[in-house]
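Data from data_30.txt: compact mmCIF, C-alpha atoms
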# COMPACT_ATOMS: atom_id res chain seq x y z
CA MET A 1 -87.19 -169.66 121.09
CA SER A 2 -85.68 -171.72 123.86
CA TYR A 3 -86.53 -172.45 127.47
CA ILE A 4 -84.34 -173.43 130.35
CA LEU A 5 -86.31 -175.59 132.74
CA ASP A 6 -84.60 -175.34 136.08
CA SER A 7 -85.45 -176.68 139.47
CA ILE A 8 -83.57 -176.61 142.73
CA TYR A 9 -85.40 -179.68 144.07
CA LEU A 10 -83.89 -182.77 142.54
CA ASP A 11 -84.41 -186.49 142.90
CA LYS A 12 -86.84 -186.37 145.80
CA SER A 13 -86.96 -189.86 147.30
CA LEU A 14 -89.83 -190.55 149.68
CA THR A 15 -90.82 -193.62 151.67
CA ILE A 16 -93.95 -194.25 153.73
CA THR A 17 -94.06 -196.85 156.48
CA SER A 18 -97.34 -198.39 157.57
CA THR A 19 -97.88 -198.43 161.30
CA SER A 20 -100.55 -200.13 163.34
CA ASP A 21 -99.24 -199.34 166.79
CA LYS A 22 -97.44 -196.64 168.72
CA GLN A 23 -93.68 -196.76 169.23
CA ASP A 24 -93.00 -196.95 172.95
CA LEU A 25 -89.63 -195.33 173.54
CA SER A 26 -87.09 -196.23 176.21
CA THR A 27 -84.18 -194.39 177.79
CA SER A 28 -81.77 -195.87 175.22
CA PHE A 29 -81.55 -194.58 171.68
CA ASP A 30 -83.46 -196.70 169.20
CA THR A 31 -84.27 -196.34 165.52
CA VAL A 32 -87.33 -194.23 164.86
CA ILE A 33 -89.70 -196.38 162.82
CA GLY A 34 -89.87 -195.30 159.20
CA SER A 35 -86.89 -192.96 159.39
CA GLU A 36 -84.28 -195.01 157.55
CA ILE A 37 -83.46 -194.13 153.97
CA THR A 38 -80.68 -194.93 151.50
CA TYR A 39 -80.06 -192.01 149.16
CA THR A 40 -77.75 -191.10 146.31
CA PRO A 41 -77.66 -187.33 145.62
CA ASN A 42 -78.20 -185.86 142.19
CA ASN A 43 -74.96 -184.83 140.46
CA PHE A 44 -76.15 -181.24 139.96
CA GLY A 45 -76.93 -180.53 143.59
CA VAL A 46 -74.96 -178.90 146.37
CA ASN A 47 -76.84 -180.00 149.49
CA VAL A 48 -79.18 -182.76 150.59
CA VAL A 49 -82.19 -182.18 152.81
CA TYR A 50 -83.38 -185.09 154.96
CA GLU A 51 -86.96 -184.74 156.23
CA TYR A 52 -88.97 -186.92 158.59
CA ASN A 53 -92.65 -186.57 159.48
CA THR A 54 -94.74 -188.26 162.14
CA VAL A 55 -96.74 -187.43 165.26
CA TRP A 56 -96.08 -187.92 168.97
CA SER A 57 -98.16 -188.20 172.10
CA TYR A 58 -97.52 -188.11 175.84
CA LYS A 59 -97.04 -191.19 178.03
CA ASP A 60 -96.11 -189.36 181.20
CA SER A 61 -97.74 -186.00 181.87
CA THR A 62 -94.39 -184.44 181.05
CA SER A 63 -92.55 -185.77 178.01
CA LYS A 64 -88.97 -185.11 177.03
CA LEU A 65 -87.84 -186.89 173.89
CA ILE A 66 -84.36 -186.64 172.39
CA PHE A 67 -83.70 -187.18 168.67
CA ARG A 68 -80.50 -187.45 166.66
CA LEU A 69 -79.65 -188.17 163.05
CA THR A 70 -77.19 -190.96 162.29
CA GLU A 71 -75.44 -192.31 159.21
CA TYR A 72 -74.22 -195.82 158.52
CA ASN A 73 -70.47 -196.26 158.54
CA ALA A 74 -69.65 -199.19 156.28
CA GLY A 75 -66.07 -199.25 157.52
CA THR A 76 -67.02 -199.90 161.14
CA SER A 77 -70.45 -201.42 160.44
CA SER A 78 -71.98 -199.02 162.93
CA TRP A 79 -74.18 -195.94 162.96
CA ASP A 80 -72.36 -192.65 163.55
CA VAL A 81 -74.10 -189.64 165.05
CA ILE A 82 -74.06 -186.63 162.74
CA ASP A 83 -72.65 -183.57 164.50
CA GLY A 84 -75.20 -180.97 165.48
CA SER A 85 -78.20 -183.21 164.86
CA TYR A 86 -79.61 -183.50 168.39
CA VAL A 87 -83.15 -182.17 168.90
CA THR A 88 -85.09 -182.18 172.17
CA LEU A 89 -88.88 -182.16 172.29
CA LYS A 90 -90.35 -181.25 175.68
CA SER A 91 -93.95 -180.88 176.80
CA LEU A 92 -95.20 -180.22 180.33
CA LYS A 93 -98.93 -180.65 179.82
CA ASN A 94 -100.07 -184.05 178.50
CA GLY A 95 -99.06 -182.97 175.04
CA THR A 96 -99.36 -184.24 171.51
CA GLY A 97 -98.19 -182.84 168.22
CA LEU A 98 -96.64 -183.12 164.80
CA ILE A 99 -92.99 -183.87 164.18
CA ASN A 100 -91.35 -182.41 161.11
CA TYR A 101 -87.57 -182.54 161.38
CA LYS A 102 -85.35 -181.38 158.54
CA TYR A 103 -81.58 -181.63 158.29
CA ALA A 104 -79.45 -180.13 155.54
CA GLN A 105 -76.05 -181.61 154.75
CA GLN A 106 -73.44 -181.11 152.09
CA LYS A 107 -73.91 -183.45 149.17
CA TRP A 108 -71.96 -186.68 149.21
CA VAL A 109 -70.88 -189.04 146.44
CA GLY A 110 -72.55 -192.43 146.12
CA SER A 111 -75.23 -193.77 148.41
CA LYS A 112 -75.59 -193.17 152.11
CA GLN A 113 -77.91 -194.64 154.74
CA LEU A 114 -79.49 -192.21 157.19
CA ARG A 115 -81.86 -192.75 160.08
CA LEU A 116 -83.24 -190.93 163.10
CA GLU A 117 -82.79 -192.30 166.59
CA CYS A 118 -84.84 -191.31 169.62
CA LYS A 119 -85.11 -191.95 173.35
CA ASP A 120 -86.96 -190.81 176.44
CA SER A 121 -84.87 -188.49 178.57
CA THR A 122 -85.77 -190.40 181.75
CA THR A 123 -88.29 -193.06 182.80
CA SER A 124 -90.58 -190.32 184.13
CA LEU A 125 -90.53 -188.22 180.95
CA GLU A 126 -91.81 -190.73 178.43
CA GLY A 127 -93.69 -190.37 175.19
CA TYR A 128 -94.98 -192.31 172.21
CA LEU A 129 -94.38 -191.85 168.51
CA HIS A 130 -96.84 -192.25 165.60
CA SER A 131 -99.88 -192.09 167.90
CA ASN A 132 -102.57 -189.49 168.28
CA TRP A 133 -103.59 -188.06 171.64
CA SER A 134 -106.27 -190.66 172.35
CA GLN A 135 -103.95 -193.43 171.12
CA ASP A 136 -106.44 -195.02 168.80
CA LYS A 137 -105.05 -193.77 165.46
CA TYR A 138 -101.58 -194.35 164.11
CA TYR A 139 -99.87 -192.12 161.58
CA ASN A 140 -97.79 -193.59 158.77
CA PRO A 141 -94.42 -191.81 159.07
CA SER A 142 -92.65 -190.53 155.98
CA VAL A 143 -88.99 -189.99 155.28
CA GLU A 144 -87.55 -188.21 152.31
CA CYS A 145 -84.30 -186.90 150.89
CA THR A 146 -84.00 -184.20 148.26
CA THR A 147 -80.96 -182.77 146.53
CA ILE A 148 -80.98 -178.97 146.28
CA MET B 1 -87.69 -174.53 119.04
CA SER B 2 -85.35 -176.21 121.48
CA TYR B 3 -85.47 -176.98 125.15
CA LEU B 4 -82.57 -177.41 127.49
CA ILE B 5 -83.47 -179.33 130.60
CA LYS B 6 -80.76 -178.20 132.94
CA ASN B 7 -81.76 -180.22 135.97
CA LYS B 8 -84.28 -182.96 136.39
CA SER B 9 -86.83 -182.65 139.14
CA ASN B 10 -89.29 -185.37 140.03
CA VAL B 11 -91.62 -182.90 141.76
CA SER B 12 -94.40 -181.76 139.44
CA ASN B 13 -97.84 -180.21 139.16
CA VAL B 14 -97.39 -178.03 142.21
CA GLN B 15 -100.54 -176.19 143.21
CA ALA B 16 -101.09 -173.80 146.07
CA GLN B 17 -103.98 -171.86 147.52
CA LYS B 18 -104.28 -169.38 150.35
CA ALA B 19 -107.31 -167.92 152.05
CA SER B 20 -108.03 -164.40 150.81
CA SER B 21 -110.32 -163.54 153.67
CA ILE B 22 -110.91 -165.60 156.75
CA SER B 23 -112.61 -165.69 160.09
CA THR B 24 -111.66 -167.72 163.09
CA GLN B 25 -113.07 -171.22 163.33
CA SER B 26 -114.10 -172.39 166.79
CA GLY B 27 -113.45 -176.05 167.35
CA THR B 28 -116.29 -178.33 168.41
CA SER B 29 -116.63 -182.00 169.21
CA SER B 30 -117.75 -182.66 165.62
CA TYR B 31 -115.56 -182.60 162.55
CA GLN B 32 -115.68 -179.45 160.42
CA ASP B 33 -113.75 -178.38 157.33
CA LEU B 34 -110.63 -176.29 157.68
CA ASP B 35 -110.75 -173.09 155.65
CA SER B 36 -108.92 -173.29 152.29
CA SER B 37 -108.10 -176.98 152.66
CA ASP B 38 -110.54 -178.14 149.96
CA ILE B 39 -108.94 -178.80 146.58
CA THR B 40 -109.67 -180.80 143.45
CA TYR B 41 -106.38 -182.14 142.18
CA ASN B 42 -105.32 -184.05 139.11
CA CYS B 43 -102.00 -185.83 139.54
CA ASP B 44 -99.17 -185.59 137.11
CA SER B 45 -99.55 -188.54 134.73
CA ALA B 46 -96.23 -189.98 135.94
CA ALA B 47 -96.94 -189.45 139.62
CA VAL B 48 -96.25 -192.18 142.14
CA LYS B 49 -97.18 -190.27 145.28
CA VAL B 50 -98.99 -187.06 146.08
CA VAL B 51 -98.03 -184.80 148.99
CA TYR B 52 -100.76 -182.71 150.64
CA GLU B 53 -99.46 -179.99 153.00
CA TYR B 54 -101.78 -177.65 154.87
CA THR B 55 -100.59 -174.97 157.27
CA ALA B 56 -102.73 -173.22 159.87
CA ASN B 57 -102.56 -171.59 163.29
CA PHE B 58 -104.41 -172.72 166.41
CA VAL B 59 -104.86 -171.06 169.78
CA TYR B 60 -106.50 -172.20 173.01
CA SER B 61 -110.01 -170.97 173.70
CA GLY B 62 -110.24 -172.26 177.26
CA SER B 63 -107.17 -173.00 179.29
CA SER B 64 -106.22 -176.14 177.39
CA GLY B 65 -106.95 -177.69 174.04
CA VAL B 66 -106.27 -180.76 171.94
CA GLY B 67 -107.31 -180.89 168.31
CA GLN B 68 -107.50 -183.77 165.89
CA ALA B 69 -107.46 -183.49 162.12
CA LYS B 70 -108.06 -186.01 159.38
CA LEU B 71 -107.67 -186.01 155.62
CA VAL B 72 -110.83 -186.90 153.72
CA GLN B 73 -111.61 -187.54 150.07
CA TYR B 74 -114.82 -187.24 148.09
CA ASN B 75 -116.27 -190.51 146.87
CA THR B 76 -118.14 -189.75 143.66
CA GLY B 77 -119.74 -193.20 143.75
CA THR B 78 -121.44 -192.65 147.08
CA SER B 79 -121.49 -188.83 146.89
CA ALA B 80 -120.01 -188.74 150.35
CA TRP B 81 -116.78 -187.74 152.06
CA GLU B 82 -114.73 -190.58 153.47
CA ASP B 83 -111.49 -190.94 155.38
CA VAL B 84 -108.45 -191.42 153.16
CA SER B 85 -107.34 -194.01 155.71
CA SER B 86 -107.09 -194.50 159.46
CA SER B 87 -103.43 -193.49 159.23
CA HIS B 88 -104.28 -189.96 158.10
CA TYR B 89 -105.15 -188.59 161.54
CA VAL B 90 -103.01 -186.21 163.57
CA SER B 91 -103.47 -184.49 166.91
CA TRP B 92 -101.87 -181.51 168.60
CA GLY B 93 -102.10 -179.43 171.77
CA PHE B 94 -102.11 -179.88 175.54
CA SER B 95 -104.87 -181.30 177.72
CA THR B 96 -103.81 -180.09 181.15
CA THR B 97 -105.54 -177.06 182.66
CA SER B 98 -103.63 -173.77 182.20
CA SER B 99 -101.50 -175.24 179.42
CA ASN B 100 -102.77 -172.56 176.95
CA PRO B 101 -101.59 -174.18 173.68
CA ARG B 102 -100.69 -172.00 170.69
CA CYS B 103 -99.19 -173.56 167.61
CA ASN B 104 -98.65 -173.25 163.90
CA ASN B 105 -98.97 -176.66 162.26
CA THR B 106 -98.12 -177.99 158.84
CA PHE B 107 -100.17 -181.13 158.32
CA LYS B 108 -98.35 -183.31 155.84
CA PHE B 109 -99.94 -186.35 154.25
CA VAL B 110 -98.50 -188.59 151.56
CA ILE B 111 -100.97 -190.60 149.53
CA ASP B 112 -100.83 -192.89 146.53
CA SER B 113 -101.41 -191.28 143.15
CA TRP B 114 -104.66 -191.67 141.22
CA THR B 115 -106.10 -191.13 137.76
CA GLY B 116 -108.37 -188.16 137.06
CA ASN B 117 -109.58 -185.60 139.55
CA LYS B 118 -109.86 -186.20 143.24
CA GLN B 119 -111.25 -183.82 145.83
CA LEU B 120 -109.44 -183.66 149.15
CA LYS B 121 -109.88 -181.58 152.27
CA LEU B 122 -108.85 -181.49 155.90
CA GLN B 123 -111.36 -181.70 158.75
CA TRP B 124 -110.75 -181.05 162.41
CA LYS B 125 -112.41 -181.22 165.79
CA VAL B 126 -111.55 -180.66 169.44
CA VAL B 127 -111.03 -183.77 171.56
CA SER B 128 -110.17 -182.01 174.82
CA GLY B 129 -110.52 -178.41 176.05
CA GLY B 130 -111.02 -175.73 173.42
CA LEU B 131 -109.19 -174.45 170.34
CA THR B 132 -109.72 -171.74 167.75
CA ALA B 133 -108.26 -172.00 164.27
CA HIS B 134 -106.57 -169.11 162.43
CA SER B 135 -106.39 -166.93 165.53
CA SER B 136 -102.98 -165.56 166.50
CA ASN B 137 -103.69 -164.78 170.15
CA GLY B 138 -102.42 -161.30 169.31
CA ILE B 139 -99.32 -159.95 167.60
CA PHE B 140 -97.22 -156.83 168.04
CA ASP B 141 -96.87 -154.79 164.87
CA LEU B 142 -93.78 -152.86 163.80
CA SER B 143 -94.74 -149.94 166.03
CA ASN B 144 -95.01 -152.37 168.95
CA THR B 145 -98.79 -152.03 169.14
CA LEU B 146 -100.77 -155.09 170.12
CA ASP B 147 -103.24 -156.33 167.52
CA ALA B 148 -105.31 -158.80 169.49
CA SER B 149 -107.57 -159.71 166.58
CA TYR B 150 -104.85 -160.50 164.04
CA LEU B 151 -105.67 -163.57 161.98
CA ILE B 152 -103.23 -165.90 160.26
CA LYS B 153 -104.32 -167.08 156.82
CA PRO B 154 -104.02 -170.80 156.22
CA PHE B 155 -102.60 -172.16 152.98
CA LEU B 156 -102.36 -175.42 151.11
CA VAL B 157 -99.62 -176.82 148.88
CA ILE B 158 -100.08 -180.03 146.93
CA TYR B 159 -97.73 -181.69 144.48
CA SER B 160 -96.94 -184.93 142.68
CA ILE B 161 -93.78 -186.98 143.06
CA ASN B 162 -92.84 -188.94 139.97

Please lay out the structure from this file as structure tokens.
Amino acid sequence: MSYILDSIYLDKSLTITSTSDKQDLSTSFDTVIGSEITYTPNNFGVNVVYEYNTVWSYKDSTSKLIFRLTEYNAGTSSWDVIDGSYVTLKSLKNGTGLINYKYAQQKWVGSKQLRLECKDSTTSLEGYLHSNWSQDKYYNPSVECTTI
Amino acid sequence: MSYLIKNKSNVSNVQAQKASSISTQSGTSSYQDLDSSDITYNCDSAAVKVVYEYTANFVYSGSSGVGQAKLVQYNTGTSAWEDVSSSHYVSWGFSTTSSNPRCNNTFKFVIDSWTGNKQLKLQWKVVSGGLTAHSSNGIFDLSNTLDASYLIKPFLVIYSIN
């Protein structure tokens, strides 16, 4: 008798970042706290899923936050925006909520650094990250990569 | 007997549970348990982290609503439930009148592994306006008939990461 133990979720790498304050965004892209990860895919996989979890809360009564996923380019020593990775979060009503963004990419060879960047759309559409609605509790964001 | 391990996964001891029969839960200003969120879990012996993921639906019960949830664990020494930590709180919804929030949330918490059994559950309360858990606010079935009392069953997935 033999068994083939198979899984499509390989080498899940997960990092938690402790936070004790909210992240006050600006109108320029900045690194989302706790979103950076260096990951080497499993040889058996085809794709890699990047996942980031945190919470957000309003600063202005209307919030419009723009996210994008970037990768480190060792050749230019800069962070390149990954095509098709922009996400806009918009709330009209003093909102708060959970953030769970997932991106799937083709597997690469060797290690790669990935991180999310975020900004307020304008100075009148601001929001906070990692904070609850009453801004007295702060969520520890998590980032993970998994080969599938 | 032989075993061929084709691929190596570091996700193990996956457990899931889903409500078989539920009623709506009206939010109040005091914490209450979320249906089907209570589980006693024993980590994989090689676990480093444990991921707790609970999914449920929430709908406004006034004209606005903000909820807050927290992950709690049972302390067998004190025979009491306690917060896992101050960083295991999340909130959702809108607090402005006529905002009418409706959302389906997956609450994801990552916690350090432990030895033996641990009992975990998710509690929630309303911090502004009103919310009802597990309500759908109505759905249209395949014959395009409105089912205003349709409920959405919550479920929990928990697993170890080695």

Near Phe58 (chain B), within 7 Å and counting all atoms listed in the file, which residues show up once chain neighbours fewer than 4 positions away are dropped, as a ChimeraX atom specification? /B:102-104,131-135

For chain B, which residues have at least one atom within 9 Å of chain A, if we go by only C-alpha atoms? Write them as a ChimeraX atom specification, please. /B:1-11,49,64,66-68,86-99,105-111,127,161-162

Output the selection as a short mmCIF file (atom, residue, chain, number, x, y, z; two decimals), in the coordinates of the input - C-alpha atoms for each residue.
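File written: out19.cif
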data_model
loop_
_atom_site.label_atom_id
_atom_site.label_comp_id
_atom_site.auth_asym_id
_atom_site.auth_seq_id
_atom_site.Cartn_x
_atom_site.Cartn_y
_atom_site.Cartn_z
CA MET B 1 -87.69 -174.53 119.04
CA SER B 2 -85.35 -176.21 121.48
CA TYR B 3 -85.47 -176.98 125.15
CA LEU B 4 -82.57 -177.41 127.49
CA ILE B 5 -83.47 -179.33 130.60
CA LYS B 6 -80.76 -178.20 132.94
CA ASN B 7 -81.76 -180.22 135.97
CA LYS B 8 -84.28 -182.96 136.39
CA SER B 9 -86.83 -182.65 139.14
CA ASN B 10 -89.29 -185.37 140.03
CA VAL B 11 -91.62 -182.90 141.76
CA LYS B 49 -97.18 -190.27 145.28
CA SER B 64 -106.22 -176.14 177.39
CA VAL B 66 -106.27 -180.76 171.94
CA GLY B 67 -107.31 -180.89 168.31
CA GLN B 68 -107.50 -183.77 165.89
CA SER B 86 -107.09 -194.50 159.46
CA SER B 87 -103.43 -193.49 159.23
CA HIS B 88 -104.28 -189.96 158.10
CA TYR B 89 -105.15 -188.59 161.54
CA VAL B 90 -103.01 -186.21 163.57
CA SER B 91 -103.47 -184.49 166.91
CA TRP B 92 -101.87 -181.51 168.60
CA GLY B 93 -102.10 -179.43 171.77
CA PHE B 94 -102.11 -179.88 175.54
CA SER B 95 -104.87 -181.30 177.72
CA THR B 96 -103.81 -180.09 181.15
CA THR B 97 -105.54 -177.06 182.66
CA SER B 98 -103.63 -173.77 182.20
CA SER B 99 -101.50 -175.24 179.42
CA ASN B 105 -98.97 -176.66 162.26
CA THR B 106 -98.12 -177.99 158.84
CA PHE B 107 -100.17 -181.13 158.32
CA LYS B 108 -98.35 -183.31 155.84
CA PHE B 109 -99.94 -186.35 154.25
CA VAL B 110 -98.50 -188.59 151.56
CA ILE B 111 -100.97 -190.60 149.53
CA VAL B 127 -111.03 -183.77 171.56
CA ILE B 161 -93.78 -186.98 143.06
CA ASN B 162 -92.84 -188.94 139.97
#

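Of note, CA of Trp124 (chain B) and CA of Val50 (chain B) are spaced 21.0 Å apart.
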
Which residue gives the smallest distance to Asn42 (chain B) among B:Lys125, B:Lys153, B:Lys18, B:Lys118, with all atoms listed in the file counted? B:Lys118

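Separating CA of Phe140 (chain B) from CA of Ala69 (chain B) is a distance of 29.2 Å.
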